[in-house]
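This is run.pdb. It holds PDB, C-alpha atoms.
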```pdb
ATOM      1  CA  MET A   1     -60.544-225.600  76.469  1.00  0.00           C
ATOM      2  CA  ILE A   2     -58.368-224.694  73.472  1.00  0.00           C
ATOM      3  CA  SER A   3     -59.681-225.682  70.051  1.00  0.00           C
ATOM      4  CA  TYR A   4     -57.235-226.652  67.258  1.00  0.00           C
ATOM      5  CA  SER A   5     -57.806-226.650  63.515  1.00  0.00           C
ATOM      6  CA  HIS A   6     -57.748-229.956  61.621  1.00  0.00           C
ATOM      7  CA  GLU A   7     -54.393-229.057  60.053  1.00  0.00           C
ATOM      8  CA  VAL A   8     -52.752-228.450  63.434  1.00  0.00           C
ATOM      9  CA  GLU A   9     -54.304-231.655  64.862  1.00  0.00           C
ATOM     10  CA  GLN A  10     -52.532-233.654  62.150  1.00  0.00           C
ATOM     11  CA  MET A  11     -49.089-232.182  62.839  1.00  0.00           C
ATOM     12  CA  CYS A  12     -46.427-234.036  64.803  1.00  0.00           C
ATOM     13  CA  VAL A  13     -44.820-232.429  67.846  1.00  0.00           C
ATOM     14  CA  VAL A  14     -41.482-230.653  67.435  1.00  0.00           C
ATOM     15  CA  ALA A  15     -39.813-229.975  70.776  1.00  0.00           C
ATOM     16  CA  LYS A  16     -39.225-226.388  71.815  1.00  0.00           C
ATOM     17  CA  GLY A  17     -35.574-225.701  72.456  1.00  0.00           C
ATOM     18  CA  ALA A  18     -35.043-222.115  73.589  1.00  0.00           C
ATOM     19  CA  ASN A  19     -37.111-221.237  76.649  1.00  0.00           C
ATOM     20  CA  HIS A  20     -35.273-218.492  78.515  1.00  0.00           C
ATOM     21  CA  GLY A  21     -38.341-216.424  79.431  1.00  0.00           C
ATOM     22  CA  PRO A  22     -38.821-212.671  78.994  1.00  0.00           C
ATOM     23  CA  ALA A  23     -35.954-210.200  78.925  1.00  0.00           C
ATOM     24  CA  PRO A  24     -35.395-208.659  82.367  1.00  0.00           C
ATOM     25  CA  ILE A  25     -36.478-205.057  82.888  1.00  0.00           C
ATOM     26  CA  PRO A  26     -35.183-202.576  85.499  1.00  0.00           C
ATOM     27  CA  GLU A  27     -37.555-202.072  88.428  1.00  0.00           C
ATOM     28  CA  GLU A  28     -36.692-200.163  91.579  1.00  0.00           C
ATOM     29  CA  GLY A  29     -33.022-201.093  91.444  1.00  0.00           C
ATOM     30  CA  LYS A  30     -33.542-204.737  90.437  1.00  0.00           C
ATOM     31  CA  TRP A  31     -33.635-206.652  87.157  1.00  0.00           C
ATOM     32  CA  VAL A  32     -36.988-208.417  86.959  1.00  0.00           C
ATOM     33  CA  LYS A  33     -38.379-210.974  84.528  1.00  0.00           C
ATOM     34  CA  ALA A  34     -42.025-209.952  84.406  1.00  0.00           C
ATOM     35  CA  TYR A  35     -44.417-212.876  83.909  1.00  0.00           C
ATOM     36  CA  GLU A  36     -47.484-211.458  85.633  1.00  0.00           C
ATOM     37  CA  ILE A  37     -48.969-208.091  86.553  1.00  0.00           C
ATOM     38  CA  LYS A  38     -47.807-208.547  90.173  1.00  0.00           C
ATOM     39  CA  ASP A  39     -44.218-208.515  88.905  1.00  0.00           C
ATOM     40  CA  ILE A  40     -44.442-204.804  87.981  1.00  0.00           C
ATOM     41  CA  SER A  41     -43.406-201.990  90.343  1.00  0.00           C
ATOM     42  CA  GLY A  42     -42.316-198.393  89.929  1.00  0.00           C
ATOM     43  CA  LEU A  43     -43.276-194.730  89.929  1.00  0.00           C
ATOM     44  CA  THR A  44     -43.678-192.997  86.595  1.00  0.00           C
ATOM     45  CA  HIS A  45     -45.439-190.207  84.731  1.00  0.00           C
ATOM     46  CA  GLY A  46     -47.476-190.226  81.527  1.00  0.00           C
ATOM     47  CA  VAL A  47     -49.036-187.471  79.416  1.00  0.00           C
ATOM     48  CA  GLY A  48     -52.296-187.802  77.473  1.00  0.00           C
ATOM     49  CA  TRP A  49     -54.522-185.663  75.281  1.00  0.00           C
ATOM     50  CA  CYS A  50     -58.183-185.740  74.300  1.00  0.00           C
ATOM     51  CA  ALA A  51     -59.497-186.626  70.837  1.00  0.00           C
ATOM     52  CA  PRO A  52     -59.919-183.003  69.660  1.00  0.00           C
ATOM     53  CA  GLN A  53     -56.510-182.266  71.281  1.00  0.00           C
ATOM     54  CA  GLN A  54     -57.956-179.383  73.267  1.00  0.00           C
ATOM     55  CA  GLY A  55     -56.883-180.550  76.714  1.00  0.00           C
ATOM     56  CA  ALA A  56     -54.071-182.530  78.337  1.00  0.00           C
ATOM     57  CA  CYS A  57     -53.426-184.658  81.418  1.00  0.00           C
ATOM     58  CA  LYS A  58     -50.258-185.540  83.313  1.00  0.00           C
ATOM     59  CA  LEU A  59     -50.770-188.725  85.306  1.00  0.00           C
ATOM     60  CA  THR A  60     -48.373-189.980  87.988  1.00  0.00           C
ATOM     61  CA  LEU A  61     -48.775-193.473  89.439  1.00  0.00           C
ATOM     62  CA  ASN A  62     -46.780-195.225  92.141  1.00  0.00           C
ATOM     63  CA  ILE A  63     -47.167-198.979  91.591  1.00  0.00           C
ATOM     64  CA  LYS A  64     -46.104-201.684  94.017  1.00  0.00           C
ATOM     65  CA  GLY A  65     -46.531-205.354  93.131  1.00  0.00           C
ATOM     66  CA  GLY A  66     -48.790-204.505  90.185  1.00  0.00           C
ATOM     67  CA  ILE A  67     -51.192-202.447  92.343  1.00  0.00           C
ATOM     68  CA  VAL A  68     -51.740-198.691  91.991  1.00  0.00           C
ATOM     69  CA  GLU A  69     -50.930-197.398  95.473  1.00  0.00           C
ATOM     70  CA  GLU A  70     -50.819-193.676  94.651  1.00  0.00           C
ATOM     71  CA  ALA A  71     -52.187-191.457  91.887  1.00  0.00           C
ATOM     72  CA  LEU A  72     -51.623-187.810  91.012  1.00  0.00           C
ATOM     73  CA  VAL A  73     -53.862-186.443  88.235  1.00  0.00           C
ATOM     74  CA  GLU A  74     -53.029-183.007  86.807  1.00  0.00           C
ATOM     75  CA  THR A  75     -55.151-181.560  83.990  1.00  0.00           C
ATOM     76  CA  LEU A  76     -54.919-178.540  81.719  1.00  0.00           C
ATOM     77  CA  GLY A  77     -57.071-176.717  79.204  1.00  0.00           C
ATOM     78  CA  CYS A  78     -60.544-178.155  79.827  1.00  0.00           C
ATOM     79  CA  SER A  79     -62.886-177.309  82.695  1.00  0.00           C
ATOM     80  CA  GLY A  80     -64.772-180.623  82.470  1.00  0.00           C
ATOM     81  CA  MET A  81     -61.511-182.532  82.706  1.00  0.00           C
ATOM     82  CA  THR A  82     -61.017-181.382  86.291  1.00  0.00           C
ATOM     83  CA  HIS A  83     -64.168-183.246  87.318  1.00  0.00           C
ATOM     84  CA  SER A  84     -63.028-186.337  85.425  1.00  0.00           C
ATOM     85  CA  ALA A  85     -59.730-186.077  87.308  1.00  0.00           C
ATOM     86  CA  ALA A  86     -61.627-186.090  90.603  1.00  0.00           C
ATOM     87  CA  MET A  87     -63.289-189.348  89.599  1.00  0.00           C
ATOM     88  CA  ALA A  88     -60.028-190.880  88.341  1.00  0.00           C
ATOM     89  CA  GLY A  89     -58.361-190.003  91.642  1.00  0.00           C
ATOM     90  CA  GLU A  90     -61.008-192.008  93.486  1.00  0.00           C
ATOM     91  CA  VAL A  91     -61.058-194.911  91.044  1.00  0.00           C
ATOM     92  CA  LEU A  92     -57.382-195.646  90.353  1.00  0.00           C
ATOM     93  CA  PRO A  93     -55.826-196.567  93.747  1.00  0.00           C
ATOM     94  CA  GLY A  94     -56.243-200.237  94.588  1.00  0.00           C
ATOM     95  CA  LYS A  95     -56.564-201.398  91.000  1.00  0.00           C
ATOM     96  CA  THR A  96     -53.983-203.489  89.191  1.00  0.00           C
ATOM     97  CA  ILE A  97     -52.349-201.624  86.313  1.00  0.00           C
ATOM     98  CA  LEU A  98     -54.209-203.919  83.888  1.00  0.00           C
ATOM     99  CA  GLU A  99     -57.523-203.034  85.537  1.00  0.00           C
ATOM    100  CA  ALA A 100     -56.559-199.351  85.442  1.00  0.00           C
ATOM    101  CA  LEU A 101     -55.710-199.587  81.742  1.00  0.00           C
ATOM    102  CA  ASN A 102     -59.150-201.048  81.023  1.00  0.00           C
ATOM    103  CA  THR A 103     -61.117-198.694  83.278  1.00  0.00           C
ATOM    104  CA  ASP A 104     -63.062-195.824  81.730  1.00  0.00           C
ATOM    105  CA  LEU A 105     -61.512-192.784  83.376  1.00  0.00           C
ATOM    106  CA  VAL A 106     -64.209-190.627  81.722  1.00  0.00           C
ATOM    107  CA  CYS A 107     -61.889-188.146  80.007  1.00  0.00           C
ATOM    108  CA  ASP A 108     -60.019-189.010  76.798  1.00  0.00           C
ATOM    109  CA  ALA A 109     -56.895-187.248  78.015  1.00  0.00           C
ATOM    110  CA  ILE A 110     -56.744-189.213  81.282  1.00  0.00           C
ATOM    111  CA  ASN A 111     -57.356-192.487  79.435  1.00  0.00           C
ATOM    112  CA  VAL A 112     -54.556-191.711  76.966  1.00  0.00           C
ATOM    113  CA  ALA A 113     -52.217-190.763  79.824  1.00  0.00           C
ATOM    114  CA  MET A 114     -52.994-194.137  81.450  1.00  0.00           C
ATOM    115  CA  ARG A 115     -52.172-195.910  78.184  1.00  0.00           C
ATOM    116  CA  GLU A 116     -48.869-194.078  77.741  1.00  0.00           C
ATOM    117  CA  LEU A 117     -47.904-194.653  81.367  1.00  0.00           C
ATOM    118  CA  PHE A 118     -48.764-198.364  81.132  1.00  0.00           C
ATOM    119  CA  LEU A 119     -46.438-198.739  78.143  1.00  0.00           C
ATOM    120  CA  GLN A 120     -43.603-197.048  80.007  1.00  0.00           C
ATOM    121  CA  ILE A 121     -43.843-199.041  83.177  1.00  0.00           C
ATOM    122  CA  VAL A 122     -44.299-202.519  81.710  1.00  0.00           C
ATOM    123  CA  TYR A 123     -41.191-201.932  79.580  1.00  0.00           C
ATOM    124  CA  GLY A 124     -39.158-200.810  82.608  1.00  0.00           C
ATOM    125  CA  ARG A 125     -39.027-197.119  81.655  1.00  0.00           C
ATOM    126  CA  SER A 126     -40.206-195.845  85.029  1.00  0.00           C
ATOM    127  CA  GLN A 127     -38.710-192.897  86.902  1.00  0.00           C
ATOM    128  CA  THR A 128     -37.596-195.326  89.604  1.00  0.00           C
ATOM    129  CA  ALA A 129     -36.172-198.010  87.315  1.00  0.00           C
ATOM    130  CA  PHE A 130     -32.737-197.746  88.895  1.00  0.00           C
ATOM    131  CA  SER A 131     -33.711-196.456  92.361  1.00  0.00           C
ATOM    132  CA  GLU A 132     -33.240-199.189  94.976  1.00  0.00           C
ATOM    133  CA  GLY A 133     -36.550-199.820  96.713  1.00  0.00           C
ATOM    134  CA  GLY A 134     -38.336-197.247  94.577  1.00  0.00           C
ATOM    135  CA  LEU A 135     -40.096-194.298  96.182  1.00  0.00           C
ATOM    136  CA  PRO A 136     -42.464-194.315  99.187  1.00  0.00           C
ATOM    137  CA  ILE A 137     -46.193-193.791  98.795  1.00  0.00           C
ATOM    138  CA  GLY A 138     -46.725-190.042  98.772  1.00  0.00           C
ATOM    139  CA  ALA A 139     -43.697-189.287  96.602  1.00  0.00           C
ATOM    140  CA  GLY A 140     -45.977-187.875  93.888  1.00  0.00           C
ATOM    141  CA  LEU A 141     -46.722-184.887  96.092  1.00  0.00           C
ATOM    142  CA  GLU A 142     -43.070-183.838  95.925  1.00  0.00           C
ATOM    143  CA  ASP A 143     -43.629-182.724  92.329  1.00  0.00           C
ATOM    144  CA  LEU A 144     -46.030-180.088  93.620  1.00  0.00           C
ATOM    145  CA  GLY A 145     -43.680-178.294  95.985  1.00  0.00           C
ATOM    146  CA  LYS A 146     -44.737-176.091  98.887  1.00  0.00           C
ATOM    147  CA  GLY A 147     -48.448-175.427  99.051  1.00  0.00           C
ATOM    148  CA  LEU A 148     -49.109-178.616  97.064  1.00  0.00           C
ATOM    149  CA  ARG A 149     -50.064-176.795  93.879  1.00  0.00           C
ATOM    150  CA  SER A 150     -49.318-177.989  90.340  1.00  0.00           C
ATOM    151  CA  GLN A 151     -46.525-176.157  88.553  1.00  0.00           C
ATOM    152  CA  ILE A 152     -48.126-174.224  85.704  1.00  0.00           C
ATOM    153  CA  GLY A 153     -46.742-172.176  82.844  1.00  0.00           C
ATOM    154  CA  THR A 154     -49.178-169.693  81.267  1.00  0.00           C
ATOM    155  CA  ILE A 155     -47.810-167.430  78.557  1.00  0.00           C
ATOM    156  CA  PHE A 156     -49.885-165.306  76.156  1.00  0.00           C
ATOM    157  CA  SER A 157     -48.527-163.383  73.188  1.00  0.00           C
ATOM    158  CA  THR A 158     -49.621-161.541  70.048  1.00  0.00           C
ATOM    159  CA  LYS A 159     -47.696-160.229  67.065  1.00  0.00           C
ATOM    160  CA  ALA A 160     -49.172-156.785  67.654  1.00  0.00           C
ATOM    161  CA  LYS A 161     -48.457-156.409  71.375  1.00  0.00           C
ATOM    162  CA  GLY A 162     -45.810-158.999  72.249  1.00  0.00           C
ATOM    163  CA  VAL A 163     -45.635-161.506  75.083  1.00  0.00           C
ATOM    164  CA  ARG A 164     -47.202-161.590  78.558  1.00  0.00           C
ATOM    165  CA  TYR A 165     -45.916-163.964  81.262  1.00  0.00           C
ATOM    166  CA  MET A 166     -48.887-164.831  83.504  1.00  0.00           C
ATOM    167  CA  GLU A 167     -47.770-167.821  85.536  1.00  0.00           C
ATOM    168  CA  MET A 168     -44.447-169.633  85.873  1.00  0.00           C
ATOM    169  CA  ALA A 169     -43.123-172.417  88.089  1.00  0.00           C
ATOM    170  CA  GLU A 170     -42.381-169.811  90.776  1.00  0.00           C
ATOM    171  CA  GLY A 171     -46.002-168.651  90.869  1.00  0.00           C
ATOM    172  CA  TYR A 172     -48.496-166.038  89.721  1.00  0.00           C
ATOM    173  CA  ILE A 173     -46.788-163.241  87.778  1.00  0.00           C
ATOM    174  CA  SER A 174     -47.919-159.877  89.102  1.00  0.00           C
ATOM    175  CA  SER A 175     -45.528-157.579  87.258  1.00  0.00           C
ATOM    176  CA  LEU A 176     -43.153-157.639  84.284  1.00  0.00           C
ATOM    177  CA  GLY A 177     -40.000-155.528  84.232  1.00  0.00           C
ATOM    178  CA  LEU A 178     -39.049-153.991  80.870  1.00  0.00           C
ATOM    179  CA  ASP A 179     -35.799-152.359  79.733  1.00  0.00           C
ATOM    180  CA  LYS A 180     -35.456-149.265  77.551  1.00  0.00           C
ATOM    181  CA  ASN A 181     -36.226-151.381  74.463  1.00  0.00           C
ATOM    182  CA  ASN A 182     -39.464-152.643  76.081  1.00  0.00           C
ATOM    183  CA  GLU A 183     -37.981-156.155  76.348  1.00  0.00           C
ATOM    184  CA  ILE A 184     -38.709-158.270  79.446  1.00  0.00           C
ATOM    185  CA  ILE A 185     -35.711-158.522  81.766  1.00  0.00           C
ATOM    186  CA  GLY A 186     -37.422-159.858  84.891  1.00  0.00           C
ATOM    187  CA  TYR A 187     -40.683-160.402  86.691  1.00  0.00           C
ATOM    188  CA  LYS A 188     -42.284-160.273  90.112  1.00  0.00           C
ATOM    189  CA  PHE A 189     -44.376-163.188  91.342  1.00  0.00           C
ATOM    190  CA  VAL A 190     -46.565-164.448  94.171  1.00  0.00           C
ATOM    191  CA  LYS A 191     -46.151-168.019  95.469  1.00  0.00           C
ATOM    192  CA  VAL A 192     -49.893-168.701  95.564  1.00  0.00           C
ATOM    193  CA  GLY A 193     -49.806-172.182  97.098  1.00  0.00           C
ATOM    194  CA  LYS A 194     -47.455-171.130  99.902  1.00  0.00           C
ATOM    195  CA  MET A 195     -49.450-167.927 100.492  1.00  0.00           C
ATOM    196  CA  LEU A 196     -52.684-169.864 100.950  1.00  0.00           C
ATOM    197  CA  GLU A 197     -50.886-172.321 103.201  1.00  0.00           C
ATOM    198  CA  ASP A 198     -49.702-169.449 105.405  1.00  0.00           C
ATOM    199  CA  ILE A 199     -53.246-168.047 105.601  1.00  0.00           C
ATOM    200  CA  ARG A 200     -54.541-171.464 106.676  1.00  0.00           C
ATOM    201  CA  HIS A 201     -51.887-171.513 109.394  1.00  0.00           C
ATOM    202  CA  GLY A 202     -52.967-168.185 110.873  1.00  0.00           C
ATOM    203  CA  LYS A 203     -51.286-165.342 108.974  1.00  0.00           C
ATOM    204  CA  THR A 204     -53.438-162.478 107.762  1.00  0.00           C
ATOM    205  CA  PRO A 205     -53.908-162.245 103.972  1.00  0.00           C
ATOM    206  CA  ASP A 206     -51.635-159.158 103.846  1.00  0.00           C
ATOM    207  CA  GLU A 207     -48.911-160.863 105.886  1.00  0.00           C
ATOM    208  CA  ALA A 208     -49.096-164.010 103.777  1.00  0.00           C
ATOM    209  CA  TYR A 209     -49.057-162.031 100.520  1.00  0.00           C
ATOM    210  CA  ASN A 210     -46.018-159.960 101.452  1.00  0.00           C
ATOM    211  CA  ALA A 211     -44.150-162.987 102.809  1.00  0.00           C
ATOM    212  CA  ASN A 212     -44.518-164.850  99.528  1.00  0.00           C
ATOM    213  CA  LEU A 213     -43.458-162.244  96.986  1.00  0.00           C
ATOM    214  CA  GLY A 214     -40.398-162.906  94.891  1.00  0.00           C
ATOM    215  CA  GLN A 215     -38.692-161.720  91.734  1.00  0.00           C
ATOM    216  CA  TYR A 216     -36.572-163.164  88.971  1.00  0.00           C
ATOM    217  CA  GLY A 217     -33.985-161.792  86.568  1.00  0.00           C
ATOM    218  CA  ARG A 218     -32.916-158.120  86.463  1.00  0.00           C
ATOM    219  CA  TYR A 219     -36.280-156.916  87.745  1.00  0.00           C
ATOM    220  CA  ASP A 220     -34.791-154.086  89.814  1.00  0.00           C
ATOM    221  CA  GLU A 221     -33.002-152.683  86.734  1.00  0.00           C
ATOM    222  CA  ALA A 222     -36.195-152.288  84.715  1.00  0.00           C
ATOM    223  CA  VAL A 223     -37.141-148.818  83.471  1.00  0.00           C
ATOM    224  CA  LYS A 224     -40.814-149.732  83.213  1.00  0.00           C
ATOM    225  CA  TYR A 225     -43.140-152.146  85.002  1.00  0.00           C
ATOM    226  CA  ILE A 226     -46.426-153.489  83.619  1.00  0.00           C
ATOM    227  CA  ASP A 227     -49.263-155.694  84.851  1.00  0.00           C
ATOM    228  CA  PRO A 228     -49.347-158.572  82.304  1.00  0.00           C
ATOM    229  CA  ARG A 229     -53.114-158.919  82.656  1.00  0.00           C
ATOM    230  CA  GLU A 230     -54.117-155.281  82.322  1.00  0.00           C
ATOM    231  CA  GLU A 231     -51.462-153.455  80.309  1.00  0.00           C
TER     232      GLU A 231
END
```
Starting from the file, lay out its structure as structure tokens.
Amino acid sequence: MISYSHEVEQMCVVAKGANHGPAPIPEEGKWVKAYEIKDISGLTHGVGWCAPQQGACKLTLNIKGGIVEEALVETLGCSGMTHSAAMAGEVLPGKTILEALNTDLVCDAINVAMRELFLQIVYGRSQTAFSEGGLPIGAGLEDLGKGLRSQIGTIFSTKAKGVRYMEMAEGYISSLGLDKNNEIIGYKFVKVGKMLEDIRHGKTPDEAYNANLGQYGRYDEAVKYIDPREE
């Protein structure tokens, strides 16, 4: 029961004129006036960080009718966060997005990612805002590519010794190619996820390794090659 102050009790009623409801937001190719949680659908990503800002999380949720149907949790920079991600992956599917927002996902970074993602999707800023029918459950895996491994960029550099590429979207960097000025002009890489997939499917480790080597840039023109982890 709603309680009113004495001052409000004494007021007369003034009729409400404008009553056009909420502004419509784009959802999966439709314009929707969202009144309740069940009115929200879409796939989107959000990024969060922990309080000391020493780790980060990228969270992807596929929401249908207000319910989290699919979750992809990717974490970086904190070993404990990976275990929190395992818990979040079990907890999130099946919850409404309001439940998910108010669930302790253990890690600050995952909680912040959930908050940022919630803001995007309830305002109609989802990745599938203008995609008719949205994306099927399982679409989050497409971000991972072959081998279902997160795309990672790991670059280390010092003023004294310069830069070392260690991992790029293509995979694990095994060799850097340098020109006569000792500048990087290309690199050789191993597609780790695809290599492990091939091993699971019966190839020997040597066969899988050699089948998943690649290079980028003017690697063949290099005058010097270095191992970025040992040289």
On this structure, which residues satisfy the PyMOL selection byres ((chain A and resi 152-154) around 8), written as a ChimeraX atom specification? /A:150-151,155-156,165-169,171
Carefully work through the PyMOL selection byres ((chain A and resi 140) around 10) for this structure and note down the residues it includes, as an NGL selection string. :A and (43-45 or 59-62 or 70-73 or 135-139 or 141-144)
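You can rank A:Met81, A:Ile2, A:Ile63, A:Ile97 by their closest distance to Gln127 of chain A using only C-alpha atoms, and at the top of that list sits A:Ile63.
Proximity of A:Ala222, A:Cys12, A:Val163, A:Cys107 to Gln54 of chain A, computed with only C-alpha atoms, is greatest for A:Cys107.
Distances from A:Val91, A:Cys57, A:Ile173, A:Ile67 to Pro228 of chain A were compared using only C-alpha atoms, and the smallest one belongs to A:Ile173.
The residues returned by the PyMOL selection byres ((chain A and resi 147) around 9) on the shown structure are Leu144, Gly145, Lys146, Leu148, Arg149, Lys191, Val192, Gly193, Lys194, Met195, Leu196, Glu197 and Asp198 of chain A.
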Would you mind completing segment 212-227 of chain A to N, CA, C and O atoms and writing the output as a PDB file, in the frame of the given file?
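Writing done, so here's out03.pdb:
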```
ATOM      1  N   ASN A 212     -44.699-163.912 100.631  1.00  0.00           N
ATOM      2  CA  ASN A 212     -44.518-164.850  99.528  1.00  0.00           C
ATOM      3  C   ASN A 212     -44.335-164.168  98.180  1.00  0.00           C
ATOM      4  O   ASN A 212     -44.636-164.742  97.134  1.00  0.00           O
ATOM      5  N   LEU A 213     -43.834-162.936  98.215  1.00  0.00           N
ATOM      6  CA  LEU A 213     -43.458-162.244  96.986  1.00  0.00           C
ATOM      7  C   LEU A 213     -42.027-162.610  96.617  1.00  0.00           C
ATOM      8  O   LEU A 213     -41.193-162.863  97.481  1.00  0.00           O
ATOM      9  N   GLY A 214     -41.752-162.649  95.354  1.00  0.00           N
ATOM     10  CA  GLY A 214     -40.398-162.906  94.891  1.00  0.00           C
ATOM     11  C   GLY A 214     -40.194-162.268  93.537  1.00  0.00           C
ATOM     12  O   GLY A 214     -41.143-161.780  92.913  1.00  0.00           O
ATOM     13  N   GLN A 215     -38.959-162.265  93.066  1.00  0.00           N
ATOM     14  CA  GLN A 215     -38.692-161.720  91.734  1.00  0.00           C
ATOM     15  C   GLN A 215     -37.579-162.507  91.070  1.00  0.00           C
ATOM     16  O   GLN A 215     -36.789-163.189  91.733  1.00  0.00           O
ATOM     17  N   TYR A 216     -37.531-162.384  89.750  1.00  0.00           N
ATOM     18  CA  TYR A 216     -36.572-163.164  88.971  1.00  0.00           C
ATOM     19  C   TYR A 216     -35.939-162.264  87.916  1.00  0.00           C
ATOM     20  O   TYR A 216     -36.586-161.365  87.370  1.00  0.00           O
ATOM     21  N   GLY A 217     -34.676-162.543  87.603  1.00  0.00           N
ATOM     22  CA  GLY A 217     -33.985-161.792  86.568  1.00  0.00           C
ATOM     23  C   GLY A 217     -33.501-160.436  87.059  1.00  0.00           C
ATOM     24  O   GLY A 217     -33.253-160.226  88.253  1.00  0.00           O
ATOM     25  N   ARG A 218     -33.403-159.465  86.141  1.00  0.00           N
ATOM     26  CA  ARG A 218     -32.916-158.120  86.463  1.00  0.00           C
ATOM     27  C   ARG A 218     -34.096-157.178  86.707  1.00  0.00           C
ATOM     28  O   ARG A 218     -34.138-156.056  86.193  1.00  0.00           O
ATOM     29  N   TYR A 219     -35.037-157.661  87.521  1.00  0.00           N
ATOM     30  CA  TYR A 219     -36.280-156.916  87.745  1.00  0.00           C
ATOM     31  C   TYR A 219     -36.017-155.510  88.288  1.00  0.00           C
ATOM     32  O   TYR A 219     -36.647-154.539  87.860  1.00  0.00           O
ATOM     33  N   ASP A 220     -35.065-155.386  89.198  1.00  0.00           N
ATOM     34  CA  ASP A 220     -34.791-154.086  89.814  1.00  0.00           C
ATOM     35  C   ASP A 220     -34.193-153.080  88.832  1.00  0.00           C
ATOM     36  O   ASP A 220     -34.230-151.869  89.074  1.00  0.00           O
ATOM     37  N   GLU A 221     -33.627-153.569  87.718  1.00  0.00           N
ATOM     38  CA  GLU A 221     -33.002-152.683  86.734  1.00  0.00           C
ATOM     39  C   GLU A 221     -33.986-152.187  85.680  1.00  0.00           C
ATOM     40  O   GLU A 221     -33.611-151.391  84.806  1.00  0.00           O
ATOM     41  N   ALA A 222     -35.212-152.659  85.735  1.00  0.00           N
ATOM     42  CA  ALA A 222     -36.195-152.288  84.715  1.00  0.00           C
ATOM     43  C   ALA A 222     -36.477-150.785  84.736  1.00  0.00           C
ATOM     44  O   ALA A 222     -36.431-150.150  85.795  1.00  0.00           O
ATOM     45  N   VAL A 223     -36.777-150.240  83.560  1.00  0.00           N
ATOM     46  CA  VAL A 223     -37.141-148.818  83.471  1.00  0.00           C
ATOM     47  C   VAL A 223     -38.660-148.647  83.420  1.00  0.00           C
ATOM     48  O   VAL A 223     -39.168-147.526  83.512  1.00  0.00           O
ATOM     49  N   LYS A 224     -39.356-149.786  83.280  1.00  0.00           N
ATOM     50  CA  LYS A 224     -40.814-149.732  83.213  1.00  0.00           C
ATOM     51  C   LYS A 224     -41.369-151.044  83.747  1.00  0.00           C
ATOM     52  O   LYS A 224     -40.803-152.116  83.519  1.00  0.00           O
ATOM     53  N   TYR A 225     -42.483-150.961  84.470  1.00  0.00           N
ATOM     54  CA  TYR A 225     -43.140-152.146  85.002  1.00  0.00           C
ATOM     55  C   TYR A 225     -44.587-152.185  84.511  1.00  0.00           C
ATOM     56  O   TYR A 225     -45.272-151.148  84.508  1.00  0.00           O
ATOM     57  N   ILE A 226     -45.047-153.370  84.087  1.00  0.00           N
ATOM     58  CA  ILE A 226     -46.426-153.489  83.619  1.00  0.00           C
ATOM     59  C   ILE A 226     -47.119-154.681  84.269  1.00  0.00           C
ATOM     60  O   ILE A 226     -46.471-155.665  84.628  1.00  0.00           O
ATOM     61  N   ASP A 227     -48.423-154.571  84.414  1.00  0.00           N
ATOM     62  CA  ASP A 227     -49.263-155.694  84.851  1.00  0.00           C
ATOM     63  C   ASP A 227     -49.591-156.518  83.602  1.00  0.00           C
ATOM     64  O   ASP A 227     -50.209-155.999  82.668  1.00  0.00           O
TER      65      ASP A 227
END
```
